[in-house]
Amino acid sequence: MRTRIKFSSVVGFLVLVILVVPLLIVIVTSFGQESAISFPIKGFTFDWYKNVFQQPDFVEGLKMSSIVAILASFLALLVGTPIVYVLTRFDIHHKDWFQTIFLSPALIPEIVIGFALYQALVISLQLPLFISLIVGHFLLCLPYVVRLITAGMMEFDESIEEAAWMVGYDKLTAFFKVVIPNIKQSVVAAFILSFITSFNNIPISLFLNGPDLNMLPTSILNYLENNYDPTVSAVSVILMIITALMMIIVEKYLGLNKLT
Amino acid sequence: MANIEITDLSMSYQKDKKILDDLSLNIKDGELLSILGPSGCGKTTMLRLISGLIPIQKGTIRVSGKDISKVPVYKRNFGMVFQSYALFPHMTIFQNITFGLKRRKLDKKTIEKKALDILDITGLSNLKDRMPSELSGGQQQRVSLARALAINPSVLLLDEPLSNLDAKLRIEMREEIHRLQQKLKMTTIFVTHDQEECFAISDRVALMNKGQIEQLDTPQNIYKNPKTEFVARFIGYDNFISKEWAESKQWQFHKEITGKLLTIRPENIEIGSGENNLLGKVISKNFLGNYYQYIVETEIGTLKVNTTEDQSSTNAEITLNFPKQSLIELEDK
Amino acid sequence: MIIVLLILPILQMFLPTFTGDQFFLEKYLSFFHSTGNMQVIARTLIIAVVTTLVTLSLGLPTAYWISRLGEKWKKVVSIIVLFPILTNAVVRNFAWITILGKNGVINNFLMQLHIIDKPLTLLYTNFSIVVGSVYLFLPIMITSLVSSFGQLNFEVEEAASVIGARPMVVFFKVILPQLSVGMLTGSILVFVGSLTAYTTPQLLGGNKNMVLATLLQQQSITLGDWTSASVVAVVLTVIAILVMTIMNYGTKLLDRRNTK
């Protein structure tokens with residue numbers, strides 16, 4: 001038993017190092033003065049961070065990615081929460097079947113979703129690109145919402161809702177005054193996870209972007225095809241800071257285990 | 001206040017499995033009626049049908065003469081206490097109690113006064129600003145009761161309210177429920193599987209089995225005169241004797257017997273000979289605090305005999321006497 | 001709504017691929033006849049298999065180590081594992097470009113030590129795709145394994161030791177079988193994830209080392225051959241769903257055995 005613990009400690013520690021070091025290298029390279037990324041760095045500068053904000057694609061992309069992520073997460077909650085409520089509270093025939101349908105976007109490869117939506121919504125139906133993009137990200141977020149809210153509803157004692165009906169609240173009012181406040185944590189966790197998932201997505205955005213519709217991850221991807229300078233390191237660091245902030249918020253209000 | 005008439009109530013979740021089977025029952029105004037029965041007998045379903053939490057499939061329920069089948073749950077103005085207390089976890093005790101009052105068109109002062117009154121009579125005044133999670137089980141159940149009473153309901157429904165409490169609190173809470181019910185003269189339906197708590201506070205008891213009422217009577221009558229074998233077994237008559245056999249032994253009865261089966265409580269069988277005798281052998285003796293229990297093997301099966309004094313020992317051959325006044329006749333099914 | 005937004009577009013993508021002058025599977029026959037395409041399929045599958053195996057063998061000791069840490073350290077390590085999951089894939093892959101590139105960290109290091117005098121070709125190979133994929137999916141594998149270690153009954157292990165089983169025997173005969181469901185769940189996520197991943201092969205694989213997802217992107221966006229792209233999309237979707245179904249079925253079988 002001892003040897004196994006020793007062995008697993010060594011591997012575990014190494015794995016942690018492997019997980020952390022590449023990100024540290026990115027952070028360090030973002031401060032290098034040379035115009036090609038090198039490690040170890042020569043000199044020290046914040047110029048690449050300035051350069052990030054001089055790239056219209058990055059600035060617009062950050063804005064667009066945030067807008068899309070917020071809208072898509074919001075929509076997914078708006079649609080997903082009532083669906084989960086109905087699925088968990090009412091005796092519906094073929095419940096499993098519905099469950100599978102609502103989780104189905106997770107079964108289809110994201111890149112296929114992007115491709116199929118581009119063909120169907122943009123080419124066939126001539127829908128505006130932005131709408132199609134929102135649809136794609138909405139589909140991406142929905143399974144997360146369904147999963148997390150379902151878990152929240154399962155923990156919620158049905159009698160509490162019934163108690164609200166008994167003292168005079170109709171089902172809709174009771175839903176907002178009693179159910180929602182008590183699954184708030186799951187709702188918030190679902191929103192944040194949706195937001196992160198949408199914000200980080202590439203495969204769906206890949207097909208549904210255009211000249212005026214740049215998402216940050218795809219902008220970075222495009223930039224990388226033509227340039228290889230520490231601007232990418234700098235924008236990566238900015239993204240890491242955003243992730244870290246999200247994690248701090250989640251940990252403070254919900255506990256990080258809510259996300260996994 | 002209100003009386004409740006239930007007529008031909010039937011309910012089934014699956015096609016050929018009836019939870020309730022043409023059940024009829026009248027509950028008088030101001031009465032505390034218990035629905036007693038083993039789990040799965042349909043007692044909770046009946047309570048949920050009355051409350052409106054599940055829709056009626058067949059039959060009618062009238063409250064004060066008015067059919068309530070079409071009245072949605074939130075308009076029935078019934079109070080309900082749940083087994084899990086079901087307090088609103090995100091509200092203080094005070095908010096829990098005023099939540100229902102806020103729905104009714106009352107001004108703020110009236111709401112506050114009503115809530116304080118209820119808190120006072122349920123002894124919760126000093127807890128009003130706490131959250132439910134900070135309360136003990138007994139306190140939570142008190143709040144649950146207060147919340148149900150706050151809306152001044154026409155009927156109070158109690159769904160196994162004591163089953164999550166420990167033995168001592170259970171007695172305390174049932175006295176509390178009894179006291180409040182008597183004070184407010186509120187028509188109350190109390191669902192339970194515990195005969196002791198049910199007998200202690202009920203005006204009448206409806207003993208249910210397989211979606212039907214086996215016997216509806218006062219606690220005393222049910223205890224003294226169970227009508228059917230099911231009722232007898234449920235309330236602790238462990239000894240059954242067929243009439244045919246008893247007649248063949250020339251046993252005496254205090255009246256003419258028409259049913260096929262007789263029963264007697266363990267404490268009513270005497271050790272020693274008397275008017276109706278039976279030989280047996282003690283196969284085990286247990287001291288159970290305030291009485292001794294003998295398991296006696298006889299020609300009609302194993303019987304239970306309880307006595308206050310220690311009268312015999314294991315393996316002893318004894319004669320049992322069945323006093324005719326204590327032999328109870330059961331209806332055929 | 002899901003049906004309109006997802007199923008219909010998918011159907012619209014499927015249908016044109018089943019038409020042909022002579023035979024409804026014509027397009028698939030010609031797709032599978034091309035050695036290039038078969039190579040892409042093989043590469044995609046091999047990368048997914050290798051990635052799954054590597055993450056599994058690194059993940060197991062790591063998860064074992066994490067599950068035995070004290071509360072405080074467990075939390076710290078969990079945060080380190082969770083952080084990459086929530087960080088954008090572009091960032092994580094970019095880190096490996098800086099490490100594996102011609103002037104990257106590894107080549108620089110080895111040249112300075114005079115172990116090599118010409119930079120090694122590490123980037124834009126199958127190797128770099130696997131490295132990137134392992135890096136991408138390792139945290140996910142660890143997370144699912146840690147949760148299944150959490151449900152593990154350590155007393156069983158102690159019981160086995162008490163009756164004299166050797167440590168390695170205990171690990172393989174007592175612990176691993178209890179973890180099989182967690183291992184399968186993690187493997188599904190990693191296998192399907194790397195099977196359908198786009199960003200990693202795009203950034204770390206270059207144009208030569210195509211996988212199905214990058215082939216789909218190339219056929220559609222770069223070449224504009226939408227029907228061929230649809231065929232690729234269908235093949236990718238079918239493989240992904242097939243793998244998921246089989247592995248889910250396996251999980252269910254194991255689950256039943258464990259609860260017995």
# chains A, B, ... in the order shown; residues from 1 in each chain; ligands from 1
$ interface_residues --of "chain C" --to "chain A" --cutoff "6 Å" --atoms "only C-alpha atoms" --output "PDB file with N, CA, C and O atoms, in the first residue's frame"
ATOM      1  N   PRO C   9     -32.551  20.857 -38.840  1.00  0.00           N
ATOM      2  CA  PRO C   9     -31.290  21.158 -39.538  1.00  0.00           C
ATOM      3  C   PRO C   9     -30.420  19.928 -39.742  1.00  0.00           C
ATOM      4  O   PRO C   9     -29.782  19.777 -40.790  1.00  0.00           O
ATOM      5  N   ILE C  10     -30.406  19.051 -38.742  1.00  0.00           N
ATOM      6  CA  ILE C  10     -29.593  17.842 -38.877  1.00  0.00           C
ATOM      7  C   ILE C  10     -30.141  16.980 -40.011  1.00  0.00           C
ATOM      8  O   ILE C  10     -29.395  16.466 -40.850  1.00  0.00           O
ATOM      9  N   MET C  13     -29.315  18.260 -43.259  1.00  0.00           N
ATOM     10  CA  MET C  13     -27.935  17.975 -43.598  1.00  0.00           C
ATOM     11  C   MET C  13     -27.789  16.524 -44.061  1.00  0.00           C
ATOM     12  O   MET C  13     -27.042  16.218 -44.991  1.00  0.00           O
ATOM     13  N   PRO C  61      -3.828   7.352 -11.119  1.00  0.00           N
ATOM     14  CA  PRO C  61      -3.025   7.636  -9.919  1.00  0.00           C
ATOM     15  C   PRO C  61      -3.280   9.027  -9.376  1.00  0.00           C
ATOM     16  O   PRO C  61      -3.321   9.221  -8.160  1.00  0.00           O
ATOM     17  N   THR C  62      -3.480   9.991 -10.283  1.00  0.00           N
ATOM     18  CA  THR C  62      -3.724  11.361  -9.825  1.00  0.00           C
ATOM     19  C   THR C  62      -5.005  11.437  -8.995  1.00  0.00           C
ATOM     20  O   THR C  62      -5.023  12.024  -7.914  1.00  0.00           O
ATOM     21  N   TRP C  65      -4.511   9.861  -5.677  1.00  0.00           N
ATOM     22  CA  TRP C  65      -3.760  10.767  -4.814  1.00  0.00           C
ATOM     23  C   TRP C  65      -4.658  11.873  -4.270  1.00  0.00           C
ATOM     24  O   TRP C  65      -4.684  12.145  -3.073  1.00  0.00           O
ATOM     25  N   ASN C  88     -10.282  28.782 -21.969  1.00  0.00           N
ATOM     26  CA  ASN C  88     -10.533  28.575 -23.389  1.00  0.00           C
ATOM     27  C   ASN C  88      -9.539  27.601 -24.035  1.00  0.00           C
ATOM     28  O   ASN C  88      -8.344  27.637 -23.778  1.00  0.00           O
ATOM     29  N   VAL C  91      -6.468  29.005 -25.752  1.00  0.00           N
ATOM     30  CA  VAL C  91      -5.380  29.360 -24.838  1.00  0.00           C
ATOM     31  C   VAL C  91      -4.554  28.132 -24.514  1.00  0.00           C
ATOM     32  O   VAL C  91      -3.323  28.154 -24.551  1.00  0.00           O
ATOM     33  N   ALA C  95      -0.620  27.380 -25.696  1.00  0.00           N
ATOM     34  CA  ALA C  95       0.479  27.111 -24.769  1.00  0.00           C
ATOM     35  C   ALA C  95       1.391  26.035 -25.339  1.00  0.00           C
ATOM     36  O   ALA C  95       2.618  26.136 -25.253  1.00  0.00           O
ATOM     37  N   VAL C 105       9.931  26.046 -26.394  1.00  0.00           N
ATOM     38  CA  VAL C 105      10.642  25.822 -25.137  1.00  0.00           C
ATOM     39  C   VAL C 105      11.504  24.565 -25.203  1.00  0.00           C
ATOM     40  O   VAL C 105      12.678  24.589 -24.841  1.00  0.00           O
ATOM     41  N   PRO C 167      -0.487  -5.414  -1.976  1.00  0.00           N
ATOM     42  CA  PRO C 167      -0.957  -4.106  -2.422  1.00  0.00           C
ATOM     43  C   PRO C 167      -1.387  -4.073  -3.892  1.00  0.00           C
ATOM     44  O   PRO C 167      -2.463  -3.577  -4.222  1.00  0.00           O
ATOM     45  N   THR C 196     -14.326  14.472 -31.616  1.00  0.00           N
ATOM     46  CA  THR C 196     -15.031  15.535 -32.325  1.00  0.00           C
ATOM     47  C   THR C 196     -14.335  16.886 -32.194  1.00  0.00           C
ATOM     48  O   THR C 196     -14.827  17.880 -32.702  1.00  0.00           O
ATOM     49  N   ALA C 233     -19.802  15.197 -41.967  1.00  0.00           N
ATOM     50  CA  ALA C 233     -20.568  15.487 -40.752  1.00  0.00           C
ATOM     51  C   ALA C 233     -21.361  14.271 -40.315  1.00  0.00           C
ATOM     52  O   ALA C 233     -21.403  13.924 -39.130  1.00  0.00           O
TER      53      ALA C 233
END
$ select_by_dssp --residues "range 252-323 of chain B" --states "strand (DSSP E or B)" --output "VMD selection string"
chain B and resid 261 to 264 270 to 271 277 to 287 292 to 298 301 to 307 317 to 321
$ interface_residues --of "chain B" --to "chain A" --cutoff "8 Å" --atoms "only C-alpha atoms" --output "mmCIF file with N, CA, C and O atoms, in the first residue's frame"
data_model
loop_
_atom_site.group_PDB
_atom_site.id
_atom_site.type_symbol
_atom_site.label_atom_id
_atom_site.label_comp_id
_atom_site.auth_asym_id
_atom_site.auth_seq_id
_atom_site.Cartn_x
_atom_site.Cartn_y
_atom_site.Cartn_z
ATOM 1 N N SER B 51 -57.596 17.829 -0.143
ATOM 2 C CA SER B 51 -56.845 19.084 -0.186
ATOM 3 C C SER B 51 -56.873 19.720 -1.571
ATOM 4 O O SER B 51 -56.726 20.925 -1.699
ATOM 5 N N LEU B 53 -54.700 18.725 -3.910
ATOM 6 C CA LEU B 53 -53.369 18.582 -4.488
ATOM 7 C C LEU B 53 -53.375 17.607 -5.653
ATOM 8 O O LEU B 53 -52.539 17.681 -6.539
ATOM 9 N N VAL B 73 -56.845 24.011 -5.766
ATOM 10 C CA VAL B 73 -56.271 23.863 -4.423
ATOM 11 C C VAL B 73 -56.055 25.201 -3.735
ATOM 12 O O VAL B 73 -56.350 25.350 -2.550
ATOM 13 N N TYR B 74 -55.604 26.193 -4.466
ATOM 14 C CA TYR B 74 -55.243 27.450 -3.804
ATOM 15 C C TYR B 74 -56.442 28.299 -3.419
ATOM 16 O O TYR B 74 -56.310 29.322 -2.760
ATOM 17 N N LYS B 75 -57.645 27.863 -3.885
ATOM 18 C CA LYS B 75 -58.832 28.626 -3.487
ATOM 19 C C LYS B 75 -59.659 27.905 -2.432
ATOM 20 O O LYS B 75 -60.727 28.371 -2.053
ATOM 21 N N ARG B 76 -59.183 26.713 -1.979
ATOM 22 C CA ARG B 76 -60.017 25.947 -1.071
ATOM 23 C C ARG B 76 -59.973 26.478 0.360
ATOM 24 O O ARG B 76 -60.841 26.185 1.166
ATOM 25 N N ASN B 77 -58.922 27.218 0.694
ATOM 26 C CA ASN B 77 -58.765 27.734 2.044
ATOM 27 C C ASN B 77 -58.733 26.637 3.099
ATOM 28 O O ASN B 77 -59.405 26.697 4.110
ATOM 29 N N PHE B 78 -57.962 25.588 2.815
ATOM 30 C CA PHE B 78 -57.733 24.539 3.806
ATOM 31 C C PHE B 78 -56.316 24.713 4.352
ATOM 32 O O PHE B 78 -55.410 25.123 3.641
ATOM 33 N N GLY B 79 -56.165 24.330 5.603
ATOM 34 C CA GLY B 79 -54.808 24.345 6.163
ATOM 35 C C GLY B 79 -54.239 22.944 6.109
ATOM 36 O O GLY B 79 -54.965 21.971 6.280
ATOM 37 N N MET B 80 -52.936 22.839 5.807
ATOM 38 C CA MET B 80 -52.351 21.504 5.757
ATOM 39 C C MET B 80 -50.994 21.474 6.434
ATOM 40 O O MET B 80 -50.168 22.367 6.257
ATOM 41 N N PHE B 82 -47.657 19.123 6.708
ATOM 42 C CA PHE B 82 -47.026 18.021 5.985
ATOM 43 C C PHE B 82 -46.111 17.205 6.893
ATOM 44 O O PHE B 82 -45.556 17.719 7.863
ATOM 45 N N SER B 84 -43.145 16.257 6.183
ATOM 46 C CA SER B 84 -41.779 16.814 6.163
ATOM 47 C C SER B 84 -41.765 18.271 6.598
ATOM 48 O O SER B 84 -40.809 18.972 6.344
ATOM 49 N N ALA B 86 -42.263 20.933 5.492
ATOM 50 C CA ALA B 86 -42.360 21.733 4.268
ATOM 51 C C ALA B 86 -42.405 23.230 4.532
ATOM 52 O O ALA B 86 -43.156 23.967 3.904
ATOM 53 N N LEU B 87 -41.590 23.695 5.461
ATOM 54 C CA LEU B 87 -41.495 25.146 5.670
ATOM 55 C C LEU B 87 -40.761 25.763 4.491
ATOM 56 O O LEU B 87 -39.950 25.104 3.848
ATOM 57 N N PHE B 88 -41.039 27.032 4.216
ATOM 58 C CA PHE B 88 -40.333 27.710 3.130
ATOM 59 C C PHE B 88 -38.925 28.037 3.632
ATOM 60 O O PHE B 88 -38.766 28.890 4.504
ATOM 61 N N PRO B 89 -37.905 27.385 3.085
ATOM 62 C CA PRO B 89 -36.566 27.505 3.669
ATOM 63 C C PRO B 89 -35.982 28.905 3.535
ATOM 64 O O PRO B 89 -35.081 29.265 4.281
ATOM 65 N N HIS B 90 -36.479 29.687 2.573
ATOM 66 C CA HIS B 90 -35.884 30.987 2.315
ATOM 67 C C HIS B 90 -36.578 32.112 3.063
ATOM 68 O O HIS B 90 -36.325 33.283 2.803
ATOM 69 N N PHE B 99 -47.031 34.468 4.905
ATOM 70 C CA PHE B 99 -47.012 34.242 3.447
ATOM 71 C C PHE B 99 -48.433 34.051 2.893
ATOM 72 O O PHE B 99 -48.810 34.648 1.889
ATOM 73 N N GLY B 100 -49.219 33.218 3.578
ATOM 74 C CA GLY B 100 -50.594 32.965 3.132
ATOM 75 C C GLY B 100 -51.487 34.174 3.361
ATOM 76 O O GLY B 100 -52.374 34.464 2.543
ATOM 77 N N LEU B 101 -51.228 34.885 4.443
ATOM 78 C CA LEU B 101 -52.086 36.050 4.744
ATOM 79 C C LEU B 101 -51.915 37.146 3.702
ATOM 80 O O LEU B 101 -52.845 37.870 3.385
ATOM 81 N N ARG B 103 -51.614 36.892 0.638
ATOM 82 C CA ARG B 103 -52.444 36.622 -0.536
ATOM 83 C C ARG B 103 -53.852 37.175 -0.366
ATOM 84 O O ARG B 103 -54.563 37.456 -1.322
ATOM 85 N N ALA B 148 -50.390 26.792 8.839
ATOM 86 C CA ALA B 148 -51.663 26.267 8.337
ATOM 87 C C ALA B 148 -52.840 26.983 8.987
ATOM 88 O O ALA B 148 -53.842 27.269 8.346
ATOM 89 N N ILE B 151 -54.104 31.163 8.076
ATOM 90 C CA ILE B 151 -55.029 31.620 7.033
ATOM 91 C C ILE B 151 -56.477 31.401 7.459
ATOM 92 O O ILE B 151 -57.395 31.610 6.678
#
$ residues_around --residues "range 56-59 of chain C" --least-positions-apart "6" --cutoff "9 Å" --atoms "only C-alpha atoms" --output "ChimeraX atom specification"
/A:11-12,15 /C:138-139,141-143,145-146,183,186-187
$ atom_distance --atom1 "CA of Val54 in chain C" --atom2 "CA of Phe191 in chain C"
11.0 Å
$ closest_residue --among "C:Phe109, C:Ile80, C:Leu212, C:Ala229" --to "Lys27 in chain C" --atoms "only C-alpha atoms"
C:Ala229
$ residues_around --residues "range 113-127 of chain C" --least-positions-apart "3" --cutoff "6 Å" --atoms "only C-alpha atoms" --output "JSON list (two decimals) with C-alpha atoms, in the first residue's frame"
[["chain", "number", "residue", "atom", "x", "y", "z"],
["C", 100, "LEU", "CA", 6.52, 22.36, -29.04],
["C", 101, "GLY", "CA", 7.25, 24.90, -31.81],
["C", 102, "LYS", "CA", 10.43, 25.13, -33.84],
["C", 107, "ASN", "CA", 13.79, 22.81, -28.79],
["C", 110, "LEU", "CA", 17.68, 20.85, -25.95],
["C", 130, "VAL", "CA", -2.21, 13.80, -28.91],
["C", 204, "LEU", "CA", -1.49, 21.67, -33.36],
["C", 205, "GLY", "CA", -2.03, 19.41, -36.38],
["C", 206, "GLY", "CA", -1.62, 21.81, -39.24]]
$ residues_around --residues "Gly211 in chain B" --least-positions-apart "5" --cutoff "12 Å" --atoms "only C-alpha atoms" --output "list in words"
Asp8, Leu9, Ser10, Met11, Ser12, Lys17, Lys18, Ile19, Leu20, Asp21, Asp22, Leu23, Ser24, Ile35, Leu36, Gly37, Pro38, Ser39, Gly40, Cys41, Gly42, Lys43, Thr44, Thr45, Met46 and Ala206 of chain B
$ atom_distance --atom1 "CA of Val191 in chain B" --atom2 "CA of Asp159 in chain B"
5.1 Å
$ residues_around --residues "Tyr292 in chain B" --least-positions-apart "3" --cutoff "8 Å" --atoms "only C-alpha atoms" --output "list in words"
Lys285, Asn286, Phe287, Leu288, Gly289, Asn306, Thr307, Thr308, Glu309 and Asp310 of chain B
$ select_by_dssp --residues "range 79-220 of chain B" --states "helix (DSSP H, G or I)" --output "ChimeraX atom specification"
/B:93-103,108-121,125-127,132-134,137-150,167-184,195-201,219-220
$ write_last_selection --atoms "C-alpha atoms" --output "PDB file, in the first residue's frame"
ATOM      1  CA  ILE B  93     -40.719  31.984  10.713  1.00  0.00           C
ATOM      2  CA  PHE B  94     -42.696  35.217  10.662  1.00  0.00           C
ATOM      3  CA  GLN B  95     -42.605  35.336   6.850  1.00  0.00           C
ATOM      4  CA  ASN B  96     -43.616  31.690   6.670  1.00  0.00           C
ATOM      5  CA  ILE B  97     -46.710  32.448   8.696  1.00  0.00           C
ATOM      6  CA  THR B  98     -47.650  35.682   6.941  1.00  0.00           C
ATOM      7  CA  PHE B  99     -47.012  34.242   3.447  1.00  0.00           C
ATOM      8  CA  GLY B 100     -50.594  32.965   3.132  1.00  0.00           C
ATOM      9  CA  LEU B 101     -52.086  36.050   4.744  1.00  0.00           C
ATOM     10  CA  LYS B 102     -50.420  38.322   2.193  1.00  0.00           C
ATOM     11  CA  ARG B 103     -52.444  36.622  -0.536  1.00  0.00           C
ATOM     12  CA  LYS B 108     -50.450  45.282   6.860  1.00  0.00           C
ATOM     13  CA  LYS B 109     -51.553  45.864  10.431  1.00  0.00           C
ATOM     14  CA  THR B 110     -54.182  43.126  10.358  1.00  0.00           C
ATOM     15  CA  ILE B 111     -51.695  40.668   8.881  1.00  0.00           C
ATOM     16  CA  GLU B 112     -49.184  41.438  11.573  1.00  0.00           C
ATOM     17  CA  LYS B 113     -51.742  41.169  14.336  1.00  0.00           C
ATOM     18  CA  LYS B 114     -53.056  37.848  13.065  1.00  0.00           C
ATOM     19  CA  ALA B 115     -49.550  36.471  12.744  1.00  0.00           C
ATOM     20  CA  LEU B 116     -48.586  37.582  16.228  1.00  0.00           C
ATOM     21  CA  ASP B 117     -51.753  35.997  17.623  1.00  0.00           C
ATOM     22  CA  ILE B 118     -50.960  32.692  15.966  1.00  0.00           C
ATOM     23  CA  LEU B 119     -47.339  32.851  17.112  1.00  0.00           C
ATOM     24  CA  ASP B 120     -48.639  33.487  20.605  1.00  0.00           C
ATOM     25  CA  ILE B 121     -51.080  30.586  20.812  1.00  0.00           C
ATOM     26  CA  SER B 125     -43.267  34.273  19.604  1.00  0.00           C
ATOM     27  CA  ASN B 126     -39.586  34.204  20.528  1.00  0.00           C
ATOM     28  CA  LEU B 127     -38.628  32.346  17.345  1.00  0.00           C
ATOM     29  CA  PRO B 132     -36.469  27.247   9.523  1.00  0.00           C
ATOM     30  CA  SER B 133     -33.053  25.571   9.360  1.00  0.00           C
ATOM     31  CA  GLU B 134     -32.224  26.996  12.797  1.00  0.00           C
ATOM     32  CA  GLY B 137     -37.894  19.229  14.410  1.00  0.00           C
ATOM     33  CA  GLY B 138     -40.547  19.877  17.042  1.00  0.00           C
ATOM     34  CA  GLN B 139     -40.316  23.640  16.567  1.00  0.00           C
ATOM     35  CA  GLN B 140     -40.502  23.267  12.796  1.00  0.00           C
ATOM     36  CA  GLN B 141     -43.658  21.212  13.115  1.00  0.00           C
ATOM     37  CA  ARG B 142     -45.138  23.862  15.384  1.00  0.00           C
ATOM     38  CA  VAL B 143     -44.400  26.493  12.715  1.00  0.00           C
ATOM     39  CA  SER B 144     -45.945  24.279  10.105  1.00  0.00           C
ATOM     40  CA  LEU B 145     -49.098  24.074  12.214  1.00  0.00           C
ATOM     41  CA  ALA B 146     -49.064  27.814  12.833  1.00  0.00           C
ATOM     42  CA  ARG B 147     -48.677  28.486   9.117  1.00  0.00           C
ATOM     43  CA  ALA B 148     -51.663  26.267   8.337  1.00  0.00           C
ATOM     44  CA  LEU B 149     -53.822  27.921  11.010  1.00  0.00           C
ATOM     45  CA  ALA B 150     -52.810  31.485  10.107  1.00  0.00           C
ATOM     46  CA  ALA B 167     -41.315   9.583  21.044  1.00  0.00           C
ATOM     47  CA  LYS B 168     -41.422  12.268  23.727  1.00  0.00           C
ATOM     48  CA  LEU B 169     -41.989  15.170  21.331  1.00  0.00           C
ATOM     49  CA  ARG B 170     -44.634  13.153  19.569  1.00  0.00           C
ATOM     50  CA  ILE B 171     -46.788  13.029  22.690  1.00  0.00           C
ATOM     51  CA  GLU B 172     -46.190  16.710  23.376  1.00  0.00           C
ATOM     52  CA  MET B 173     -47.126  17.709  19.816  1.00  0.00           C
ATOM     53  CA  ARG B 174     -50.238  15.577  19.674  1.00  0.00           C
ATOM     54  CA  GLU B 175     -51.464  17.210  22.887  1.00  0.00           C
ATOM     55  CA  GLU B 176     -50.724  20.577  21.303  1.00  0.00           C
ATOM     56  CA  ILE B 177     -52.686  19.684  18.186  1.00  0.00           C
ATOM     57  CA  HIS B 178     -55.544  18.423  20.335  1.00  0.00           C
ATOM     58  CA  ARG B 179     -55.556  21.575  22.456  1.00  0.00           C
ATOM     59  CA  LEU B 180     -55.570  23.905  19.455  1.00  0.00           C
ATOM     60  CA  GLN B 181     -58.197  21.902  17.651  1.00  0.00           C
ATOM     61  CA  GLN B 182     -60.508  22.017  20.691  1.00  0.00           C
ATOM     62  CA  LYS B 183     -59.861  25.695  21.168  1.00  0.00           C
ATOM     63  CA  LEU B 184     -60.534  26.642  17.555  1.00  0.00           C
ATOM     64  CA  GLN B 195     -53.044   3.823  16.610  1.00  0.00           C
ATOM     65  CA  GLU B 196     -51.924   5.209  19.945  1.00  0.00           C
ATOM     66  CA  GLU B 197     -51.605   8.830  18.795  1.00  0.00           C
ATOM     67  CA  CYS B 198     -54.783   8.471  16.824  1.00  0.00           C
ATOM     68  CA  PHE B 199     -56.844   7.066  19.708  1.00  0.00           C
ATOM     69  CA  ALA B 200     -55.503   9.689  22.096  1.00  0.00           C
ATOM     70  CA  ILE B 201     -56.924  12.719  20.314  1.00  0.00           C
ATOM     71  CA  PRO B 219     -61.697   5.147  19.455  1.00  0.00           C
ATOM     72  CA  GLN B 220     -63.337   3.336  22.396  1.00  0.00           C
TER      73      GLN B 220
END
$ residues_around --residues "range 47-61 of chain A" --least-positions-apart "2" --cutoff "6 Å" --atoms "only C-alpha atoms" --output "ChimeraX atom specification"
/A:45,63-65,214-216,231,234
$ write_last_selection --atoms "N, CA and C atoms" --output "short mmCIF file (atom, residue, chain, number, x, y, z; two decimals), in the first residue's frame"
data_model
loop_
_atom_site.label_atom_id
_atom_site.label_comp_id
_atom_site.auth_asym_id
_atom_site.auth_seq_id
_atom_site.Cartn_x
_atom_site.Cartn_y
_atom_site.Cartn_z
N THR A 45 7.92 43.95 -20.77
CA THR A 45 7.08 45.01 -21.32
C THR A 45 5.60 44.68 -21.17
N LYS A 63 -16.49 41.76 -26.83
CA LYS A 63 -17.85 42.27 -26.64
C LYS A 63 -18.87 41.28 -27.15
N MET A 64 -18.67 40.83 -28.42
CA MET A 64 -19.64 39.95 -29.06
C MET A 64 -19.74 38.62 -28.30
N SER A 65 -18.60 38.07 -27.92
CA SER A 65 -18.63 36.80 -27.19
C SER A 65 -19.41 36.94 -25.89
N ASN A 214 -17.52 38.89 -35.09
CA ASN A 214 -16.35 38.16 -34.63
C ASN A 214 -16.47 37.76 -33.18
N MET A 215 -16.22 36.48 -32.95
CA MET A 215 -16.19 36.01 -31.57
C MET A 215 -14.72 35.99 -31.15
N LEU A 216 -14.48 36.22 -29.86
CA LEU A 216 -13.10 36.31 -29.41
C LEU A 216 -12.28 35.05 -29.70
N THR A 231 1.18 38.99 -28.47
CA THR A 231 -0.17 39.51 -28.31
C THR A 231 -1.12 38.37 -27.92
N ALA A 234 -0.76 37.62 -24.39
CA ALA A 234 -1.42 38.63 -23.57
C ALA A 234 -2.92 38.42 -23.53
#
$ atom_distance --atom1 "CA of Leu15 in chain C" --atom2 "CA of Ser230 in chain C"
9.2 Å
